[in-house]
Structure formats: C-alpha cells, structure tokens
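Heads up, final01.cif below (mmCIF, C-alpha atoms):
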data_my_file
#
loop_
_atom_site.label_atom_id
_atom_site.label_comp_id
_atom_site.auth_asym_id
_atom_site.auth_seq_id
_atom_site.Cartn_x
_atom_site.Cartn_y
_atom_site.Cartn_z
CA SER A 1 137.77 103.01 97.48
CA LEU A 2 138.37 102.76 93.76
CA LEU A 3 136.89 106.23 93.26
CA ARG A 4 139.62 107.70 95.50
CA GLU A 5 142.35 105.76 93.70
CA MET A 6 141.38 106.97 90.23
CA PRO A 7 143.30 110.29 90.26
CA GLY A 8 146.50 108.48 91.34
CA ALA A 9 146.10 106.25 88.29
CA GLY A 10 145.73 109.28 86.03
CA LEU A 11 141.95 108.88 85.76
CA THR A 12 139.39 111.54 86.50
CA PRO A 13 136.17 110.39 88.16
CA ASN A 14 133.08 111.36 86.16
CA GLU A 15 129.30 111.09 86.67
CA VAL A 16 129.33 107.43 85.64
CA SER A 17 132.01 106.49 88.17
CA TYR A 18 130.26 108.44 90.95
CA ASN A 19 126.91 106.87 90.06
CA ALA A 20 128.49 103.42 90.16
CA ALA A 21 130.02 104.19 93.56
CA ILE A 22 126.69 105.52 94.93
CA SER A 23 124.95 102.42 93.60
CA ALA A 24 127.58 100.18 95.21
CA CYS A 25 127.00 101.95 98.52
CA GLU A 26 123.26 101.38 98.11
CA LYS A 27 123.79 97.66 97.54
CA ALA A 28 126.15 97.48 100.53
CA GLY A 29 123.71 99.25 102.84
CA GLN A 30 125.99 102.30 103.18
CA TRP A 31 123.36 105.06 102.91
CA GLU A 32 125.49 107.71 104.64
CA LYS A 33 128.39 107.08 102.25
CA ALA A 34 125.97 107.21 99.29
CA LEU A 35 124.74 110.64 100.44
CA SER A 36 128.31 111.80 101.02
CA LEU A 37 129.26 110.87 97.46
CA LEU A 38 126.16 112.59 96.07
CA ARG A 39 127.04 115.76 98.01
CA GLU A 40 130.67 115.78 96.90
CA MET A 41 129.88 115.58 93.17
CA PRO A 42 129.40 119.37 92.67
CA GLY A 43 132.75 120.03 94.39
CA ALA A 44 134.33 117.68 91.87
CA GLY A 45 132.78 119.72 89.06
CA LEU A 46 130.12 117.09 88.38
CA THR A 47 126.36 117.48 88.26
CA PRO A 48 124.32 114.72 89.90
CA ASN A 49 121.68 113.31 87.53
CA GLU A 50 118.56 111.16 87.97
CA VAL A 51 120.70 108.03 88.30
CA SER A 52 122.72 109.65 91.11
CA TYR A 53 119.61 110.68 93.01
CA ASN A 54 117.76 107.40 92.40
CA ALA A 55 120.68 105.39 93.77
CA ALA A 56 120.91 107.65 96.83
CA ILE A 57 117.12 107.48 97.41
CA SER A 58 117.29 103.69 97.10
CA ALA A 59 120.17 103.57 99.59
CA CYS A 60 118.05 105.50 102.09
CA GLU A 61 115.04 103.26 101.37
CA LYS A 62 117.04 100.09 102.02
CA ALA A 63 118.38 101.56 105.28
CA GLY A 64 114.91 102.52 106.50
CA ARG A 65 115.64 106.25 106.25
CA TRP A 66 112.29 107.30 104.78
CA GLU A 67 112.66 110.98 105.68
CA LYS A 68 116.00 111.21 103.87
CA ALA A 69 114.57 109.37 100.87
CA VAL A 70 111.66 111.83 100.62
CA SER A 71 113.98 114.77 101.17
CA LEU A 72 116.18 113.67 98.25
CA LEU A 73 113.09 113.26 96.06
CA ARG A 74 112.08 116.83 96.98
CA GLU A 75 115.57 118.12 96.07
CA MET A 76 115.43 116.82 92.52
CA PRO A 77 113.34 119.63 90.94
CA ALA A 78 115.55 122.30 92.54
CA ALA A 79 118.52 120.51 90.94
CA GLY A 80 116.77 120.73 87.56
CA LEU A 81 115.81 117.05 87.58
CA THR A 82 112.40 115.47 87.14
CA PRO A 83 111.70 112.52 89.44
CA ASN A 84 110.82 109.42 87.44
CA VAL A 85 109.08 106.16 88.32
CA ILE A 86 112.27 104.81 89.90
CA SER A 87 112.62 107.91 92.10
CA TYR A 88 109.03 107.70 93.28
CA ASN A 89 109.10 103.93 93.76
CA ALA A 90 112.14 104.13 96.04
CA ALA A 91 110.58 106.94 98.10
CA ILE A 92 107.17 105.21 98.32
CA SER A 93 108.89 101.95 99.32
CA ALA A 94 110.90 103.79 101.98
CA CYS A 95 107.67 105.12 103.48
CA GLU A 96 106.01 101.70 103.23
CA LYS A 97 108.91 99.99 105.02
CA ALA A 98 108.71 102.58 107.80
CA SER A 99 104.93 102.02 108.14
CA ARG A 100 104.26 105.59 106.94
CA CYS A 101 101.08 104.87 104.98
CA ASN A 102 99.87 108.46 104.65
CA GLU A 103 103.22 109.57 103.26
CA ALA A 104 103.38 106.62 100.86
CA LEU A 105 99.89 107.32 99.52
CA SER A 106 100.61 111.03 99.27
CA LEU A 107 103.71 110.30 97.16
CA PHE A 108 101.69 107.90 95.01
CA ASP A 109 99.10 110.64 94.37
CA GLU A 110 101.85 113.18 93.72
CA MET A 111 103.37 110.79 91.20
CA LEU A 112 100.07 110.59 89.32
CA ALA A 113 99.61 114.37 89.43
CA ALA A 114 103.13 114.82 88.01
CA GLY A 115 102.20 112.60 85.06
CA VAL A 116 104.57 109.80 86.08
CA LYS A 117 102.95 106.46 85.20
CA PRO A 118 103.06 104.05 88.13
CA ASP A 119 104.21 100.49 87.50
CA VAL A 120 103.57 97.27 89.42
CA THR A 121 106.29 98.22 91.95
CA SER A 122 104.56 101.55 92.63
CA TYR A 123 101.21 99.90 93.20
CA ASN A 124 102.65 97.08 95.28
CA ALA A 125 104.46 99.49 97.60
CA ALA A 126 101.29 101.57 98.04
CA ILE A 127 99.13 98.46 98.63
CA SER A 128 101.69 97.13 101.10
CA ALA A 129 101.66 100.47 102.96
CA CYS A 130 97.88 100.12 103.25
CA GLU A 131 98.31 96.53 104.42
CA LYS A 132 100.68 97.55 107.22
CA ALA A 133 98.18 100.20 108.33
CA GLY A 134 95.22 97.80 108.10
CA ARG A 135 93.56 100.01 105.48
CA CYS A 136 91.66 97.40 103.50
CA ASP A 137 89.46 99.77 101.48
CA GLU A 138 92.41 101.70 100.11
CA ALA A 139 94.38 98.51 99.39
CA LEU A 140 91.40 97.09 97.48
CA SER A 141 90.88 100.36 95.61
CA LEU A 142 94.51 100.38 94.46
CA LEU A 143 94.34 96.71 93.44
CA ARG A 144 91.14 97.33 91.46
CA GLU A 145 92.51 100.37 89.61
CA MET A 146 95.65 98.59 88.39
CA PRO A 147 94.19 96.96 85.23
CA GLY A 148 92.58 100.25 84.15
CA ALA A 149 95.97 101.92 84.53
CA GLY A 150 97.53 99.29 82.29
CA VAL A 151 99.31 97.57 85.18
CA GLN A 152 98.82 93.83 85.74
CA PRO A 153 98.56 92.87 89.43
CA ASN A 154 100.90 90.07 90.48
CA GLU A 155 100.98 87.68 93.44
CA TYR A 156 102.53 90.35 95.66
CA SER A 157 99.69 92.77 94.81
CA TYR A 158 97.08 90.21 95.80
CA ASN A 159 98.94 88.97 98.87
CA ALA A 160 99.26 92.49 100.28
CA ALA A 161 95.57 93.22 99.61
CA ILE A 162 94.54 89.87 101.15
CA SER A 163 96.62 90.66 104.23
CA ALA A 164 95.12 94.17 104.46
CA CYS A 165 91.63 92.62 104.46
CA GLU A 166 92.67 90.09 107.09
CA LYS A 167 94.09 92.83 109.33
CA GLY A 168 90.87 94.78 108.87
CA GLY A 169 88.84 91.76 109.99
CA ARG A 170 87.32 91.38 106.53
CA TRP A 171 87.99 87.71 105.94
CA GLU A 172 85.18 87.33 103.37
CA GLU A 173 86.90 89.83 101.09
CA ALA A 174 90.26 88.17 101.75
CA LEU A 175 88.80 84.81 100.67
CA SER A 176 87.19 86.39 97.63
CA LEU A 177 90.58 87.78 96.54
CA LEU A 178 92.18 84.40 97.09
CA ARG A 179 89.56 82.76 94.87
CA GLU A 180 90.01 85.48 92.23
CA MET A 181 93.75 84.91 91.79
CA PRO A 182 93.49 81.92 89.39
CA ASP A 183 91.09 83.92 87.16
CA ALA A 184 93.79 86.62 87.02
CA GLY A 185 96.30 83.98 85.88
CA LEU A 186 97.99 83.90 89.27
CA SER A 187 98.67 80.97 91.56
CA PRO A 188 98.03 81.52 95.26
CA ASN A 189 101.14 80.59 97.22
CA VAL A 190 102.02 79.96 100.86
CA ILE A 191 101.99 83.70 101.53
CA SER A 192 98.53 84.03 99.97
CA TYR A 193 97.11 81.32 102.22
CA ASN A 194 98.89 82.60 105.34
CA ALA A 195 97.80 86.20 104.81
#

Kindly present the structure from the file in structure tokens form.
Amino acid sequence: SLLREMPGAGLTPNEVSYNAAISACEKAGQWEKALSLLREMPGAGLTPNEVSYNAAISACEKAGRWEKAVSLLREMPAAGLTPNVISYNAAISACEKASRCNEALSLFDEMLAAGVKPDVTSYNAAISACEKAGRCDEALSLLREMPGAGVQPNEYSYNAAISACEKGGRWEEALSLLREMPDAGLSPNVISYNA
C-alpha cells in the first residue's frame, strides 16, 4: 500500500494519510484493514480523530458488522472525541442493515440526548429500521417529527414508511402516505408504488 511505501520515499505518514487509507479501505469493503489502520495509528505516534473513527465505523457499516460499528462509536468518548452526526448515522445504518431495530432506535435517541441534530440520513436509517421490523407506528412517528426538527422528508423517507405500513397490514395508511407525497413536493416512484 502507498501508506507503507511512504517512509521509503522519505515521507512520514500523518493523520491525513491514515484517514485517507482508512477511507479507501471503507470504500473497498476492507473493514478489517480499516480497523487495523485505526489501531496502528497510536503506535505511529498519531492520534485518531473523528474522521478516522467515522471512516472505520462506515467500513464496518458497509460490511454488515453492526456490533463493531457500535463498539467504535462507544470508544470515541474514551478517546476524547465527540461522536457527530456522521458517526451516529453510520452506526444507526449498520444496525438498520442488520435488522437491529431496537439498537438503531436506541442510537437515534442517544443522538438526540447528546444534542447531535439528526439529518435526513439519520431519520431515513431509523425509519428503514422500523420498516424492516414491521413497526409502522414508530416509522410514522419518525416521519411526522421530521418537519418539526427542521428536516425535510424525501422519497426514501416516505417509501420506507409506506413499506412499514404495508408490512404491518395497514394499507390504508400506506395509501394515505402515497397520496400525501405530491403535497410534500415529492413524486412517488416505482419503489413507492411497489412498497
């Protein structure tokens, strides 16, 4: 790897080069290598920062390693770092992808309690976790609270809520959401109609 070749070229790897390497591992689906690089930073005299952790959490999320993603999120305060919206989003998404609805919603609540403002990605991951678990009421509640939190729902938000209603056998509410989309400035798409 380029990181390993740097000293031979008279260059010393720094936080930026490590973060770039961790991010490259994340994009390549190499979660174990991303964690290895994160763990070797202190031995190289470097302190991992939020970018380092966020890239490693995202690598675990993309690989379906929800427990590792949450564990890294939990490590951040002990490392003197405050998880941000990117940190939480990656961990919530990891739980959502693994069909761990309770954990996803718990992280969402923790995020709010920590004063971290959720964005559309946060809400969509939480709504999608509810959808996978067939928890229509919670999906609808999250969708309804978005505007009051200053977050505009998008097609994904509605599609996940529609699907949650469908899975819960609540087709009237699913149809109502479908009809509501144009009023919200959104165009139902194939996914909306198939949900």

- Given the PyMOL selection byres ((chain A and resi 60) around 10), the residues it picks as a ChimeraX atom specification: /A:26,29-32,34-35,54-59,61-70,72,90-91,94

- Query: Within 12 Å of Trp171 (chain A), counting only C-alpha atoms, which residues qualify if same-chain residues fewer than 6 places away don't, as a list in words?
  - Reply: Cys136, Ala161, Ile162, Ser163, Ala164, Cys165, Leu177, Leu178, Tyr193 and Ala195 of chain A

- Message: Which residues are close to region 104-106 of chain A, i.e. within 9 Å by only C-alpha atoms, leaving aside same-chain residues fewer than 2 positions away? Reply as a ChimeraX atom specification.
- Response: /A:91-96,99-102,108-111,125-127,129-130

Would you mind exporting the chosen residues as a compact mmCIF listing (two decimals), in the frame of the given file, restricted to C-alpha atoms?
# COMPACT_ATOMS: atom_id res chain seq x y z
CA ALA A 91 110.58 106.94 98.10
CA ILE A 92 107.17 105.21 98.32
CA SER A 93 108.89 101.95 99.32
CA ALA A 94 110.90 103.79 101.98
CA CYS A 95 107.67 105.12 103.48
CA GLU A 96 106.01 101.70 103.23
CA SER A 99 104.93 102.02 108.14
CA ARG A 100 104.26 105.59 106.94
CA CYS A 101 101.08 104.87 104.98
CA ASN A 102 99.87 108.46 104.65
CA PHE A 108 101.69 107.90 95.01
CA ASP A 109 99.10 110.64 94.37
CA GLU A 110 101.85 113.18 93.72
CA MET A 111 103.37 110.79 91.20
CA ALA A 125 104.46 99.49 97.60
CA ALA A 126 101.29 101.57 98.04
CA ILE A 127 99.13 98.46 98.63
CA ALA A 129 101.66 100.47 102.96
CA CYS A 130 97.88 100.12 103.25

Could you work out an axis-aligned bounding box for all listed atoms of region 21-34 of chain A, with 6 Å added on each of the six sides, and give its centre and edge lengths in Å to one decimal, as JSON?
{"center_x": 126.6, "center_y": 102.6, "center_z": 99.1, "size_x": 18.8, "size_y": 22.2, "size_z": 23.1}

- Query: Given the file above and the PyMOL selection byres ((chain A and resi 76) around 10), which residues are selected, and can you give them as a VMD selection string?
  - Reply: chain A and resid 48 to 50 53 to 54 71 to 75 77 to 83 87

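CA of Pro13 (chain A) is found 12.1 Å from CA of Thr47 (chain A).
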
- From the list A:Asn89, A:Asn159, A:Asn124, A:Ser52, which residue is nearest Val16 (chain A) when using all atoms listed in the file?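 Closest residue, counting all atoms listed in the file: A:Ser52.
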
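Our summary of the geometry notes that CA of Leu38 (chain A) is positioned 27.0 Å from CA of Leu112 (chain A).
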
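Listed by chain and then by number, the residues chosen by the PyMOL selection byres ((chain A and resi 119-121) around 7) in this file are Asn89, Lys117, Pro118, Ser122, Tyr123, Asn124, Ala125, Val151, Gln152 and Pro153 of chain A.
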
- If you measure from CA of Arg170 (chain A) to CA of Tyr156 (chain A), what distance in Å do you get, rounded to one decimal? 18.7 Å

Emit region 89-195 of chain A of the structure in the block as a file comprising C-alpha atoms, as a compact mmCIF listing (two decimals), in the first residue's frame.
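So the final result, stored in out_31.txt, reads:
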# COMPACT_ATOMS: atom_id res chain seq x y z
CA ASN A 89 -25.55 7.88 11.03
CA ALA A 90 -23.02 5.17 10.18
CA ALA A 91 -23.76 3.26 13.40
CA ILE A 92 -27.56 3.62 13.00
CA SER A 93 -27.28 2.48 9.37
CA ALA A 94 -25.18 -0.51 10.43
CA CYS A 95 -27.91 -1.56 12.85
CA GLU A 96 -30.62 -0.95 10.25
CA LYS A 97 -28.83 -3.08 7.65
CA ALA A 98 -28.50 -5.90 10.19
CA SER A 99 -32.24 -5.65 11.03
CA ARG A 100 -31.41 -4.49 14.58
CA CYS A 101 -34.30 -2.06 15.00
CA ASN A 102 -34.08 -1.68 18.78
CA GLU A 103 -30.39 -0.84 18.60
CA ALA A 104 -30.93 1.61 15.73
CA LEU A 105 -33.70 3.43 17.60
CA SER A 106 -31.68 3.44 20.81
CA LEU A 107 -28.76 5.09 18.98
CA PHE A 108 -31.16 7.60 17.41
CA ASP A 109 -32.47 8.52 20.88
CA GLU A 110 -28.94 8.67 22.25
CA MET A 111 -28.01 11.02 19.43
CA LEU A 112 -30.84 13.37 20.38
CA ALA A 113 -29.93 13.19 24.08
CA ALA A 114 -26.31 14.06 23.21
CA GLY A 115 -27.52 17.19 21.41
CA VAL A 116 -26.49 15.93 17.98
CA LYS A 117 -29.03 17.16 15.42
CA PRO A 118 -30.24 14.34 13.18
CA ASP A 119 -30.35 14.91 9.43
CA VAL A 120 -32.37 13.22 6.70
CA THR A 121 -29.91 10.29 6.66
CA SER A 122 -30.42 9.75 10.41
CA TYR A 123 -34.18 9.74 10.07
CA ASN A 124 -34.17 7.56 6.97
CA ALA A 125 -31.99 4.93 8.62
CA ALA A 126 -34.24 4.88 11.70
CA ILE A 127 -37.43 4.72 9.59
CA SER A 128 -35.91 1.95 7.48
CA ALA A 129 -35.02 0.01 10.65
CA CYS A 130 -38.68 0.28 11.68
CA GLU A 131 -39.75 -0.81 8.19
CA LYS A 132 -37.61 -3.96 8.36
CA ALA A 133 -39.14 -4.78 11.75
CA GLY A 134 -42.69 -4.04 10.57
CA ARG A 135 -43.04 -1.28 13.17
CA CYS A 136 -45.42 1.05 11.37
CA ASP A 137 -46.31 3.30 14.32
CA GLU A 138 -42.69 4.15 15.04
CA ALA A 139 -41.91 4.68 11.34
CA LEU A 140 -44.87 7.05 11.05
CA SER A 141 -43.91 8.86 14.24
CA LEU A 142 -40.38 9.46 12.94
CA LEU A 143 -41.69 10.63 9.55
CA ARG A 144 -44.12 13.04 11.24
CA GLU A 145 -41.50 14.55 13.55
CA MET A 146 -39.05 15.36 10.74
CA PRO A 147 -40.50 18.75 9.68
CA GLY A 148 -40.66 19.95 13.30
CA ALA A 149 -36.99 19.01 13.66
CA GLY A 150 -36.15 21.09 10.59
CA VAL A 151 -35.56 18.03 8.41
CA GLN A 152 -37.42 17.68 5.11
CA PRO A 153 -38.56 14.10 4.38
CA ASN A 154 -37.56 12.81 0.95
CA GLU A 155 -38.78 9.96 -1.25
CA TYR A 156 -36.73 7.45 0.74
CA SER A 157 -38.36 8.62 4.00
CA TYR A 158 -41.83 8.12 2.56
CA ASN A 159 -41.02 4.85 0.80
CA ALA A 160 -39.69 3.28 4.00
CA ALA A 161 -42.72 4.46 5.99
CA ILE A 162 -45.10 3.21 3.26
CA SER A 163 -43.36 -0.17 3.31
CA ALA A 164 -43.53 -0.29 7.13
CA CYS A 165 -47.30 0.28 6.93
CA GLU A 166 -47.64 -2.38 4.26
CA LYS A 167 -45.69 -4.90 6.35
CA GLY A 168 -47.90 -4.04 9.31
CA GLY A 169 -51.01 -4.75 7.25
CA ARG A 170 -52.02 -1.09 7.36
CA TRP A 171 -52.63 -0.48 3.68
CA GLU A 172 -54.97 2.49 4.28
CA GLU A 173 -52.15 4.40 5.95
CA ALA A 174 -49.74 3.31 3.21
CA LEU A 175 -52.12 4.71 0.57
CA SER A 176 -52.59 7.90 2.57
CA LEU A 177 -48.80 8.43 2.63
CA LEU A 178 -48.61 7.77 -1.09
CA ARG A 179 -51.28 10.41 -1.73
CA GLU A 180 -49.50 12.85 0.59
CA MET A 181 -46.19 12.76 -1.28
CA PRO A 182 -47.13 15.27 -4.04
CA ASP A 183 -48.29 17.75 -1.35
CA ALA A 184 -44.83 17.40 0.20
CA GLY A 185 -43.28 18.25 -3.18
CA LEU A 186 -42.26 14.65 -3.79
CA SER A 187 -43.02 12.39 -6.73
CA PRO A 188 -43.97 8.81 -5.91
CA ASN A 189 -41.73 6.45 -7.84
CA VAL A 190 -41.69 2.74 -8.67
CA ILE A 191 -40.48 1.95 -5.16
CA SER A 192 -43.33 4.00 -3.65
CA TYR A 193 -45.94 2.07 -5.62
CA ASN A 194 -44.30 -1.31 -5.00
CA ALA A 195 -43.95 -0.75 -1.26
